[in-house]
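> I'm passing along coords-v9.txt; it holds compact mmCIF, C-alpha atoms.
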# COMPACT_ATOMS: atom_id res chain seq x y z
CA MET F 1 -22.93 7.11 -10.07
CA LEU F 2 -19.44 7.78 -8.87
CA ARG F 3 -18.85 6.74 -5.29
CA TYR F 4 -15.82 7.01 -3.08
CA ARG F 5 -14.49 4.92 -0.25
CA ALA F 6 -11.50 5.76 1.94
CA VAL F 7 -9.67 3.13 3.96
CA ALA F 8 -7.37 4.01 6.85
CA ALA F 9 -3.82 2.76 6.23
CA ALA F 10 -0.71 3.25 8.40
CA PRO F 11 -0.41 4.02 11.25
CA VAL F 12 -3.86 2.47 11.80
CA ARG F 13 -3.16 -0.62 9.67
CA SER F 14 -0.17 -2.19 7.98
CA ALA F 15 -0.10 -2.37 4.18
CA SER F 16 -1.11 -6.05 4.30
CA ALA F 17 -4.05 -5.38 6.59
CA THR F 18 -5.14 -2.42 4.50
CA TRP F 19 -5.06 -4.47 1.31
CA GLN F 20 -7.14 -7.15 3.04
CA ILE F 21 -9.78 -4.55 3.97
CA ILE F 22 -9.91 -3.37 0.35
CA THR F 23 -10.10 -6.98 -0.82
CA ASP F 24 -13.07 -7.68 1.46
CA LEU F 25 -14.81 -4.48 0.35
CA VAL F 26 -14.47 -5.43 -3.33
CA ALA F 27 -15.45 -9.05 -2.72
CA ASP F 28 -18.46 -8.17 -0.56
CA THR F 29 -19.65 -5.77 -3.27
CA ILE F 30 -19.30 -8.36 -6.03
CA ALA F 31 -21.05 -10.97 -3.85
CA ALA F 32 -24.27 -8.95 -4.16
CA SER F 33 -24.45 -9.87 -7.82
CA GLY F 34 -26.71 -12.69 -8.83
CA THR F 35 -24.22 -14.03 -11.35
CA LEU F 36 -20.77 -13.11 -10.01
CA THR F 37 -19.04 -14.80 -7.11
CA ARG F 38 -17.21 -13.52 -4.08
CA SER F 39 -14.50 -16.16 -4.54
CA ASP F 40 -13.71 -14.90 -8.04
CA ALA F 41 -13.25 -11.38 -6.67
CA MET F 42 -11.05 -12.73 -3.87
CA GLU F 43 -8.90 -14.51 -6.46
CA ALA F 44 -8.57 -11.34 -8.52
CA MET F 45 -7.56 -9.30 -5.49
CA ALA F 46 -5.10 -12.00 -4.41
CA ALA F 47 -3.47 -11.78 -7.85
CA ALA F 48 -3.22 -8.02 -7.39
CA ALA F 49 -1.91 -8.24 -3.81
CA PRO F 50 1.87 -8.08 -4.54
CA ALA F 51 1.35 -4.78 -6.35
CA GLY F 52 -1.47 -3.69 -4.06
CA ARG F 53 0.61 -3.84 -0.89
CA MET F 54 3.34 -1.84 -2.61
CA LEU F 55 0.77 0.75 -3.71
CA VAL F 56 -0.48 1.05 -0.13
CA ALA F 57 2.93 1.13 1.58
CA GLY F 58 4.27 3.69 -0.86
CA GLY F 59 1.31 5.98 -0.23
CA HIS F 60 0.35 5.81 -3.91
CA LEU F 61 -3.20 4.69 -3.16
CA ASP F 62 -3.66 7.89 -1.16
CA ARG F 63 -3.51 9.84 -4.40
CA HIS F 64 -4.32 7.30 -7.13
CA PRO F 65 -7.53 5.33 -6.53
CA LEU F 66 -8.29 1.71 -7.26
CA THR F 67 -11.54 1.78 -9.24
CA LEU F 68 -14.18 -0.94 -9.15
CA VAL F 69 -16.64 -0.97 -12.05
CA ALA F 70 -19.44 -3.53 -11.76
CA GLY F 71 -22.95 -2.91 -13.07
CA LEU F 72 -24.05 0.39 -11.57
CA VAL F 73 -21.04 0.40 -9.26
CA HIS F 74 -18.33 2.86 -10.16
CA CYS F 75 -16.33 3.34 -7.00
CA GLU F 76 -12.96 4.90 -6.38
CA ILE F 77 -11.21 3.37 -3.38
CA THR F 78 -8.35 5.28 -1.82
CA THR F 79 -6.30 5.01 1.35
CA VAL F 80 -5.56 7.61 4.00
CA SER F 81 -2.06 7.45 5.48
CA GLY F 82 -0.27 9.35 8.19
CA THR F 83 -1.85 11.42 10.95
CA ALA F 84 -5.12 11.78 8.99
CA ALA F 85 -5.64 8.01 9.08
CA LEU F 86 -6.32 8.24 12.80
CA THR F 87 -9.44 10.33 12.26
CA THR F 88 -10.71 8.86 9.00
CA GLU F 89 -14.31 7.76 9.01
CA GLU F 90 -14.66 4.54 7.08
CA ASN F 91 -17.67 3.05 5.39
CA LEU F 92 -16.78 -0.57 4.72
CA ASN F 93 -20.27 -1.65 3.70
CA PRO F 94 -20.62 -3.27 0.27
CA ILE F 95 -20.95 -0.62 -2.42
CA PRO F 96 -24.57 -0.61 -3.68
CA GLY F 97 -25.37 -1.19 -7.34
CA ALA F 98 -23.80 -4.55 -8.19
CA ALA F 99 -26.97 -6.65 -7.93
CA ASP F 100 -27.47 -6.84 -11.69
CA ALA F 101 -23.80 -6.84 -12.62
CA THR F 102 -22.81 -9.63 -14.97
CA THR F 103 -19.18 -8.62 -15.25
CA TYR F 104 -16.74 -6.39 -13.44
CA THR F 105 -13.27 -4.89 -13.67
CA ILE F 106 -10.86 -3.83 -10.96
CA TYR F 107 -8.78 -0.97 -12.33
CA LEU F 108 -5.44 -0.76 -10.56
CA PRO F 109 -3.65 2.59 -10.55
CA ALA F 110 -0.24 2.45 -12.23
CA PRO F 111 1.71 5.43 -10.91
CA VAL F 112 5.42 6.00 -11.49
CA PRO F 113 7.54 4.06 -10.56
CA LEU F 114 5.23 1.08 -10.03
CA ALA F 115 3.69 0.95 -13.52
CA ALA F 116 5.56 -2.22 -14.58
CA VAL F 117 4.81 -3.97 -11.28
CA VAL F 118 1.11 -3.13 -11.61
CA ALA F 119 1.04 -4.23 -15.27
CA GLU F 120 2.50 -7.60 -14.27
CA ALA F 121 -0.13 -7.99 -11.56
CA ALA F 122 -2.93 -7.00 -13.93
CA ASP F 123 -1.84 -9.75 -16.30
CA GLY F 124 -2.42 -12.23 -13.50
CA HIS F 125 -6.23 -12.23 -13.60
CA PRO F 126 -8.79 -11.38 -16.30
CA ARG F 127 -10.75 -9.11 -13.94
CA LEU F 128 -7.74 -6.84 -13.36
CA SER F 129 -6.70 -3.94 -15.52
CA ASP F 130 -3.96 -1.35 -15.38
CA ALA F 131 -5.76 0.80 -17.96
CA ARG F 132 -7.37 4.10 -17.09
CA PRO F 133 -10.93 3.39 -15.89
CA PRO F 134 -13.85 4.68 -17.95
CA ALA F 135 -15.21 8.03 -16.87
CA ALA F 136 -17.97 7.74 -14.31
CA ASP F 137 -20.24 9.71 -16.62
CA ASP F 138 -20.15 6.78 -19.05
CA LYS F 139 -21.84 4.72 -16.41
CA LYS F 140 -24.46 7.32 -15.67
CA THR F 141 -26.65 6.20 -18.55
CA ALA F 142 -27.00 2.78 -17.00
CA GLY F 143 -27.93 4.22 -13.67
CA ALA F 144 -29.65 7.39 -14.81
CA GLY F 145 -33.19 6.05 -14.53
CA PRO F 146 -35.04 6.69 -11.28
CA LEU F 147 -35.00 3.88 -8.77
CA ILE F 148 -38.70 4.45 -8.05
CA ASP F 149 -41.41 4.28 -10.70
CA MET F 150 -43.24 7.49 -9.78
CA ASN F 151 -46.13 6.69 -12.11
CA ALA F 152 -46.77 3.46 -10.24
CA VAL F 153 -46.61 5.31 -6.93
CA ARG F 154 -49.08 7.95 -8.14
CA LYS F 155 -51.43 5.21 -9.31
CA ALA F 156 -51.15 3.45 -5.96
CA VAL F 157 -51.81 6.65 -4.01
CA ALA F 158 -54.77 7.49 -6.27
CA GLY F 159 -56.11 4.02 -5.77
CA GLY F 160 -55.68 3.23 -9.45
CA MET A 1 -24.36 -1.18 8.80
CA THR A 2 -20.66 -1.27 9.59
CA ILE A 3 -19.05 2.12 9.98
CA SER A 4 -15.76 2.22 11.78
CA THR A 5 -14.54 5.50 13.12
CA TYR A 6 -11.05 6.08 14.38
CA THR A 7 -11.11 8.89 16.88
CA SER A 8 -8.09 11.10 17.23
CA THR A 9 -6.55 11.01 20.66
CA ALA A 10 -3.28 12.14 22.17
CA THR A 11 -2.36 8.54 22.84
CA TYR A 12 -0.11 7.21 20.14
CA THR A 13 1.29 3.81 20.87
CA ARG A 14 4.63 2.43 19.83
CA THR A 15 2.66 0.07 17.62
CA HIS A 16 1.32 3.04 15.66
CA THR A 17 4.85 4.31 15.24
CA ALA A 18 6.12 0.88 14.18
CA THR A 19 3.27 0.37 11.71
CA HIS A 20 3.88 3.77 10.17
CA LEU A 21 7.65 3.49 9.84
CA THR A 22 7.45 -0.10 8.56
CA ASP A 23 5.12 1.10 5.79
CA VAL A 24 7.38 4.03 4.99
CA ILE A 25 10.47 1.79 4.77
CA LEU A 26 8.85 -1.03 2.78
CA GLY A 27 7.05 1.43 0.53
CA THR A 28 10.31 3.21 -0.20
CA ILE A 29 12.10 -0.08 -0.92
CA SER A 30 9.24 -0.98 -3.29
CA ASP A 31 9.63 2.30 -5.14
CA ILE A 32 13.42 2.00 -5.31
CA LEU A 33 13.33 -1.56 -6.69
CA ALA A 34 10.66 -0.62 -9.23
CA ASP A 35 12.59 2.46 -10.24
CA LEU A 36 15.82 0.50 -10.70
CA GLY A 37 14.03 -2.30 -12.55
CA ILE A 38 15.06 -4.91 -9.97
CA SER A 39 12.64 -7.76 -9.30
CA ALA A 40 10.80 -7.14 -6.06
CA SER A 41 10.06 -10.82 -5.55
CA VAL A 42 12.33 -10.98 -2.49
CA LEU A 43 10.03 -8.38 -0.98
CA THR A 44 6.63 -9.44 -2.31
CA ARG A 45 7.11 -13.18 -1.74
CA ASN A 46 7.28 -12.76 2.03
CA TRP A 47 5.79 -9.31 2.42
CA GLU A 48 3.69 -10.02 5.48
CA GLN A 49 6.53 -11.88 7.20
CA ASN A 50 8.96 -9.01 6.58
CA GLU A 51 6.33 -6.48 7.61
CA ASN A 52 5.62 -8.26 10.88
CA ALA A 53 9.32 -8.66 11.70
CA ILE A 54 10.27 -5.03 11.07
CA LYS A 55 7.20 -3.81 12.93
CA ALA A 56 8.01 -6.02 15.93
CA TRP A 57 11.62 -4.85 16.05
CA ILE A 58 10.68 -1.18 15.85
CA THR A 59 8.06 -1.70 18.55
CA GLU A 60 10.65 -3.19 20.89
CA GLY A 61 13.20 -0.55 19.86
CA SER A 62 15.83 -3.04 18.76
CA LEU A 63 15.99 -2.26 15.04
CA ALA A 64 18.98 -0.07 14.17
CA GLN A 65 18.50 -0.11 10.44
CA VAL A 66 17.07 -1.96 7.45
CA ILE A 67 19.55 -2.48 4.63
CA LEU A 68 18.86 -3.19 0.99
CA GLU A 69 21.85 -4.63 -0.85
CA CYS A 70 21.70 -4.74 -4.65
CA ARG A 71 23.99 -7.36 -6.20
CA GLN A 72 24.92 -6.82 -9.84
CA PRO A 73 25.48 -9.82 -12.17
CA SER A 74 29.25 -9.21 -11.85
CA GLY A 75 28.96 -9.88 -8.11
CA THR A 76 29.51 -6.25 -7.18
CA VAL A 77 27.19 -5.01 -4.44
CA ASP A 78 26.14 -1.56 -5.59
CA PRO A 79 24.05 0.32 -4.62
CA VAL A 80 23.34 -0.25 -0.94
CA ILE A 81 20.45 1.63 0.66
CA GLU A 82 20.31 2.01 4.43
CA PHE A 83 17.25 2.97 6.48
CA PRO A 84 18.46 3.93 9.98
CA VAL A 85 15.79 4.14 12.69
CA THR A 86 16.25 6.68 15.48
CA TYR A 87 14.21 6.39 18.67
CA ALA A 88 12.91 9.22 20.80
CA ALA A 89 13.46 8.85 24.53
CA THR A 90 10.00 9.92 25.65
CA GLY A 91 7.73 9.38 22.71
CA THR A 92 6.94 13.04 22.36
CA ALA A 93 9.47 14.02 19.71
CA ASP A 94 6.70 14.44 17.16
CA THR A 95 2.96 14.14 17.43
CA GLU A 96 2.48 13.67 13.71
CA PHE A 97 2.93 10.70 11.42
CA THR A 98 4.61 12.01 8.29
CA ALA A 99 6.38 10.68 5.21
CA SER A 100 8.49 12.61 2.70
CA ARG A 101 6.91 11.01 -0.36
CA ALA A 102 7.20 13.89 -2.83
CA ARG A 103 10.83 14.54 -1.95
CA LEU A 104 11.53 10.83 -2.28
CA ALA A 105 10.07 10.78 -5.80
CA ARG A 106 12.46 13.56 -6.84
CA PHE A 107 15.33 11.70 -5.20
CA LEU A 108 14.52 8.44 -7.01
CA ALA A 109 14.64 10.18 -10.35
CA LYS A 110 18.35 10.82 -9.79
CA LEU A 111 19.38 7.24 -8.94
CA ASP A 112 21.98 5.46 -11.08
CA ARG A 113 20.70 2.68 -13.32
CA VAL A 114 21.80 -0.91 -12.58
CA PRO A 115 22.55 -3.72 -15.08
CA VAL A 116 19.80 -6.14 -16.05
CA GLY A 117 19.90 -9.17 -13.77
CA THR A 118 20.74 -7.22 -10.61
CA THR A 119 19.17 -8.86 -7.57
CA CYS A 120 18.65 -7.63 -4.03
CA GLU A 121 18.74 -8.80 -0.46
CA LEU A 122 17.07 -7.39 2.64
CA LEU A 123 19.00 -7.28 5.92
CA CYS A 124 18.45 -5.78 9.34
CA ALA A 125 20.97 -4.52 11.91
CA PHE A 126 20.20 -4.17 15.61
CA ASN A 127 21.02 -2.00 18.60
CA GLY A 128 21.30 -5.05 20.86
CA PRO A 129 19.16 -8.02 21.83
CA HIS A 130 16.11 -8.54 19.65
CA SER A 131 13.27 -11.00 19.38
CA ALA A 132 13.42 -13.90 16.91
CA GLN A 133 11.08 -13.45 13.97
CA PRO A 134 9.83 -16.11 11.54
CA GLY A 135 11.79 -16.29 8.29
CA TRP A 136 14.72 -14.25 9.57
CA GLY A 137 18.07 -15.75 10.50
CA THR A 138 21.63 -14.62 10.98
CA GLY A 139 23.29 -12.87 8.05
CA ALA A 140 26.27 -10.72 7.25
CA ARG A 141 26.53 -7.41 5.48
CA THR A 142 28.72 -6.91 2.47
CA SER A 143 31.46 -4.33 2.94
CA THR A 144 30.55 -0.89 1.68
CA ASP A 145 34.21 0.18 1.34
CA GLY A 146 34.64 2.27 -1.78
CA LEU A 147 31.01 3.34 -1.95
CA GLN A 148 30.04 6.96 -1.58
CA GLY A 149 27.13 7.94 0.60
CA ILE A 150 24.31 10.35 -0.16
CA THR A 151 22.12 11.19 2.82
CA PHE A 152 18.49 11.74 1.92
CA GLY A 153 17.59 12.73 5.43
CA THR A 154 14.41 11.93 7.30
CA LEU A 155 12.05 9.71 5.38
CA GLY A 156 9.30 9.35 7.93
CA ARG A 157 8.51 10.64 11.41
CA ALA A 158 6.30 9.34 14.18
CA PRO A 159 5.91 10.11 17.89
CA HIS A 160 8.39 7.50 19.13
CA ALA A 161 10.88 7.20 16.29
CA SER A 162 11.90 8.32 12.83
CA ALA A 163 13.43 6.64 9.80
CA SER A 164 15.93 8.12 7.38
CA LEU A 165 17.63 7.03 4.17
CA ARG A 166 21.25 6.81 3.09
CA TYR A 167 22.16 5.81 -0.45
CA LEU A 168 25.61 4.27 -1.01
CA HIS A 169 26.91 3.87 -4.55
CA SER A 170 30.16 3.72 -6.52
Show me, as structure tokens, the structure contained in the file I just sent.


Amino acid sequence: MLRYRAVAAAPVRSASATWQIITDLVADTIAASGTLTRSDAMEAMAAAAPAGRMLVAGGHLDRHPLTLVAGLVHCEITTVSGTAALTTEENLNPIPGAADATTYTIYLPAPVPLAAVVAEAADGHPRLSDARPPAADDKKTAGAGPLIDMNAVRKAVAGG
Amino acid sequence: MTISTYTSTATYTRTHTATHLTDVILGTISDILADLGISASVLTRNWEQNENAIKAWITEGSLAQVILECRQPSGTVDPVIEFPVTYAATGTADTEFTASRARLARFLAKLDRVPVGTTCELLCAFNGPHSAQPGWGTGARTSTDGLQGITFGTLGRAPHASASLRYLHS
């Protein structure tokens, strides 16, 4: 299921502070996994930081999302800059769906003219990629099943 | 559940203005260096330190301009990009925080290429007394005699100040 998160950037936060918020959001999401670690996600985001701060400051992340794919998580994270940042409602809770994730990828956007900078950053950690993320529909099959077993509920209600 | 909401008010602080213009200036420098193929390590290595210094100087109103000098392997300094900051007397010049990103992208596409191995240096000039900031010391600008200037115009606006761009090249 495709989810979206928007993070207020300047004038609410500097590029560094904004990248830190995104880092915490990604790390907190990955921490929900039983097999992945928050520290690994923090390391990946630290490797991406030189490019990430440039993406934020240049306003590129306003238009080109960073995409986190982890288990059932497929989330596009963007920033909001300028006057609109002052009224942006943020949800900084961990993105649900990573509990059963055994691997994850942080797809960094690579807009012109920062493509080479982003590619260099993506080479800095195996969890980073500057490739185009898979379509969210591809992930739907993994998350298409209902979260509630309605047959079990019916049985319970019927006293079966 | 943690949901943070920023409520719009008519009260924009100088810190908002400084944060916005610092982002606009550093973001533009990032794009210029990437476009010219110049290593941005001078910027990325101490990003937070540079960010804090420029923001502090805009907040106190002492920053006259940020200057990016590109030094070619021959020793020639070309191009030089200036980011003058203009302050509004009352803080009501604009009530919006804007950036001319699309126009900047078109402008960057027209920049001259520079030789491989060109490096860059970040400098700041001041209107008068200014606070000391970590990592920043006294420096001197290289003469821009012989360089031609192209004025981009306003790069970013905020309630208390605005930043523009001037591109100097041979």

> Residues within 9 Å of stretch 84-87 of chain A, please, as a list of chain:residue names. Count only C-alpha atoms; anything in the same chain fewer than 6 positions from it doesn't count.

A:Leu21, A:Ile58, A:Gly61, A:Leu63, A:Ala64, A:Gln65, A:Val66, A:Ile67, A:His160, A:Ala161, A:Ser162, A:Ala163, A:Ser164, A:Leu165, A:Arg166

> Using 10 Å as the limit and counting all atoms listed in the file, can you tabulate each residue of chain A that touches chain F, with its shortest atom-to-atom distance in Å and the two atoms involved, as CSV?


residue,atom,partner,partner_atom,distance
A:Met1,CA,F:Asn93,CA,6.6
A:Thr2,CA,F:Asn93,CA,5.9
A:Ile3,CA,F:Asn91,CA,4.9
A:Ser4,CA,F:Glu90,CA,5.4
A:Thr5,CA,F:Glu89,CA,4.7
A:Tyr6,CA,F:Thr87,CA,5.0
A:Thr7,CA,F:Thr87,CA,5.1
A:Ser8,CA,F:Thr87,CA,5.2
A:Thr9,CA,F:Leu86,CA,8.3
A:Tyr12,CA,F:Pro11,CA,9.4
A:Thr13,CA,F:Pro11,CA,9.8
A:Thr15,CA,F:Pro11,CA,8.1
A:His16,CA,F:Pro11,CA,4.8
A:Thr17,CA,F:Pro11,CA,6.6
A:Ala18,CA,F:Pro11,CA,7.8
A:Thr19,CA,F:Pro11,CA,5.2
A:His20,CA,F:Pro11,CA,4.4
A:Leu21,CA,F:Pro11,CA,8.2
A:Thr22,CA,F:Ser14,CA,7.9
A:Asp23,CA,F:Ala57,CA,4.7
A:Val24,CA,F:Ala57,CA,6.3
A:Ile25,CA,F:Ala57,CA,8.2
A:Leu26,CA,F:Ala57,CA,6.4
A:Gly27,CA,F:Gly58,CA,3.8
A:Thr28,CA,F:Gly58,CA,6.1
A:Ile29,CA,F:Gly58,CA,8.7
A:Ser30,CA,F:Met54,CA,6.0
A:Asp31,CA,F:Pro113,CA,6.1
A:Ile32,CA,F:Pro113,CA,8.1
A:Leu33,CA,F:Pro113,CA,8.9
A:Ala34,CA,F:Leu114,CA,5.7
A:Asp35,CA,F:Pro113,CA,5.3
A:Leu36,CA,F:Pro113,CA,9.0
A:Gly37,CA,F:Ala116,CA,8.7
A:Ser39,CA,F:Val117,CA,8.9
A:Ala40,CA,F:Val117,CA,8.6
A:Ser41,CA,F:Pro50,CA,8.7
A:Leu43,CA,F:Pro50,CA,8.9
A:Thr44,CA,F:Pro50,CA,5.4
A:Arg45,CA,F:Pro50,CA,7.8
A:Asn46,CA,F:Pro50,CA,9.7
A:Trp47,CA,F:Ser16,CA,7.9
A:Glu48,CA,F:Ser16,CA,6.3
A:Glu51,CA,F:Ser14,CA,7.8
A:Asn52,CA,F:Ser14,CA,8.9
A:Lys55,CA,F:Ser14,CA,9.0
A:Thr95,CA,F:Thr83,CA,8.5
A:Glu96,CA,F:Thr83,CA,5.6
A:Phe97,CA,F:Gly82,CA,4.7
A:Thr98,CA,F:Gly82,CA,5.6
A:Ala99,CA,F:Gly82,CA,7.4
A:Arg101,CA,F:Gly59,CA,7.5
A:Ala105,CA,F:Pro113,CA,8.6
A:Leu108,CA,F:Pro113,CA,9.0
A:Ala109,CA,F:Pro113,CA,9.4
A:Gly156,CA,F:Gly82,CA,9.6
A:Arg157,CA,F:Gly82,CA,9.4
A:Ala158,CA,F:Gly82,CA,8.9

> Write out the residues from the selection above, keeping C-alpha atoms, as an mmCIF file, in the coordinates of the input.


data_model
loop_
_atom_site.group_PDB
_atom_site.id
_atom_site.type_symbol
_atom_site.label_atom_id
_atom_site.label_comp_id
_atom_site.auth_asym_id
_atom_site.auth_seq_id
_atom_site.Cartn_x
_atom_site.Cartn_y
_atom_site.Cartn_z
ATOM 1 C CA MET A 1 -24.360 -1.180 8.800
ATOM 2 C CA THR A 2 -20.660 -1.270 9.590
ATOM 3 C CA ILE A 3 -19.050 2.120 9.980
ATOM 4 C CA SER A 4 -15.760 2.220 11.780
ATOM 5 C CA THR A 5 -14.540 5.500 13.120
ATOM 6 C CA TYR A 6 -11.050 6.080 14.380
ATOM 7 C CA THR A 7 -11.110 8.890 16.880
ATOM 8 C CA SER A 8 -8.090 11.100 17.230
ATOM 9 C CA THR A 9 -6.550 11.010 20.660
ATOM 10 C CA TYR A 12 -0.110 7.210 20.140
ATOM 11 C CA THR A 13 1.290 3.810 20.870
ATOM 12 C CA THR A 15 2.660 0.070 17.620
ATOM 13 C CA HIS A 16 1.320 3.040 15.660
ATOM 14 C CA THR A 17 4.850 4.310 15.240
ATOM 15 C CA ALA A 18 6.120 0.880 14.180
ATOM 16 C CA THR A 19 3.270 0.370 11.710
ATOM 17 C CA HIS A 20 3.880 3.770 10.170
ATOM 18 C CA LEU A 21 7.650 3.490 9.840
ATOM 19 C CA THR A 22 7.450 -0.100 8.560
ATOM 20 C CA ASP A 23 5.120 1.100 5.790
ATOM 21 C CA VAL A 24 7.380 4.030 4.990
ATOM 22 C CA ILE A 25 10.470 1.790 4.770
ATOM 23 C CA LEU A 26 8.850 -1.030 2.780
ATOM 24 C CA GLY A 27 7.050 1.430 0.530
ATOM 25 C CA THR A 28 10.310 3.210 -0.200
ATOM 26 C CA ILE A 29 12.100 -0.080 -0.920
ATOM 27 C CA SER A 30 9.240 -0.980 -3.290
ATOM 28 C CA ASP A 31 9.630 2.300 -5.140
ATOM 29 C CA ILE A 32 13.420 2.000 -5.310
ATOM 30 C CA LEU A 33 13.330 -1.560 -6.690
ATOM 31 C CA ALA A 34 10.660 -0.620 -9.230
ATOM 32 C CA ASP A 35 12.590 2.460 -10.240
ATOM 33 C CA LEU A 36 15.820 0.500 -10.700
ATOM 34 C CA GLY A 37 14.030 -2.300 -12.550
ATOM 35 C CA SER A 39 12.640 -7.760 -9.300
ATOM 36 C CA ALA A 40 10.800 -7.140 -6.060
ATOM 37 C CA SER A 41 10.060 -10.820 -5.550
ATOM 38 C CA LEU A 43 10.030 -8.380 -0.980
ATOM 39 C CA THR A 44 6.630 -9.440 -2.310
ATOM 40 C CA ARG A 45 7.110 -13.180 -1.740
ATOM 41 C CA ASN A 46 7.280 -12.760 2.030
ATOM 42 C CA TRP A 47 5.790 -9.310 2.420
ATOM 43 C CA GLU A 48 3.690 -10.020 5.480
ATOM 44 C CA GLU A 51 6.330 -6.480 7.610
ATOM 45 C CA ASN A 52 5.620 -8.260 10.880
ATOM 46 C CA LYS A 55 7.200 -3.810 12.930
ATOM 47 C CA THR A 95 2.960 14.140 17.430
ATOM 48 C CA GLU A 96 2.480 13.670 13.710
ATOM 49 C CA PHE A 97 2.930 10.700 11.420
ATOM 50 C CA THR A 98 4.610 12.010 8.290
ATOM 51 C CA ALA A 99 6.380 10.680 5.210
ATOM 52 C CA ARG A 101 6.910 11.010 -0.360
ATOM 53 C CA ALA A 105 10.070 10.780 -5.800
ATOM 54 C CA LEU A 108 14.520 8.440 -7.010
ATOM 55 C CA ALA A 109 14.640 10.180 -10.350
ATOM 56 C CA GLY A 156 9.300 9.350 7.930
ATOM 57 C CA ARG A 157 8.510 10.640 11.410
ATOM 58 C CA ALA A 158 6.300 9.340 14.180
#

> Determine, counting all atoms listed in the file, which protein, DNA and RNA residues have an atom within 7 Å of an atom of F:Arg5; residues of the same chain fewer than 4 positions away are not included. Present the result as an mmCIF file with C-alpha atoms, in the coordinates of the input.


data_model
loop_
_atom_site.group_PDB
_atom_site.id
_atom_site.type_symbol
_atom_site.label_atom_id
_atom_site.label_comp_id
_atom_site.auth_asym_id
_atom_site.auth_seq_id
_atom_site.Cartn_x
_atom_site.Cartn_y
_atom_site.Cartn_z
ATOM 1 C CA GLU F 76 -12.960 4.900 -6.380
ATOM 2 C CA ILE F 77 -11.210 3.370 -3.380
ATOM 3 C CA THR F 78 -8.350 5.280 -1.820
ATOM 4 C CA ASN F 91 -17.670 3.050 5.390
#

> Between atom CA of F:Ala41 and atom CA of F:Pro111, measure the distance and give it in Å to one decimal.

22.9 Å

> How many Å lie between atom CA of A:Arg14 and atom CA of A:Glu60, rounded to one decimal?

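Value for the atom CA of A:Arg14-atom CA of A:Glu60 distance: 8.3 Å.
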
> Within 10 Å of A:Gly135, counting all atoms listed in the file, which residues show up once you throw out same-chain ones fewer than 6 positions away? Write them as a PyMOL selection string, please.

chain A and resi 46+49-50+53

> Which residues are near A:Tyr167? Cut-off 6 Å, only C-alpha atoms, ignore same chain within fewer than 3 positions. Put them as a list in words.

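In the requested form, the answer reads Ile81, Gly149 and Ile150 of chain A.
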
> Mind checking which residues fall within 7 Å of F:Ile30, counting all atoms listed in the file, ignoring those fewer than 5 positions away in the same chain, and posting them as an NGL selection string?

:F and (36-38 or 41 or 98)

> For a quick check of understanding, using all atoms listed in the file, which of F:Asp100, F:Trp19, F:Ile106, F:Val69 has the smallest distance to F:Ala136?

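Looking at the shortest contact to F:Ala136, the residue is F:Val69.
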
> Taking into account all atoms listed in the file, which residue in the set A:Thr59, A:Gln133, A:Thr142, A:Ser74 is nearest to A:Thr119?

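Closest residue, counting all atoms listed in the file: A:Ser74.
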
> Can you measure atom CA of F:Asp130 to atom CA of F:Val26 for me? One decimal in Å is fine.

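Here the two named atoms are 16.5 Å from each other.
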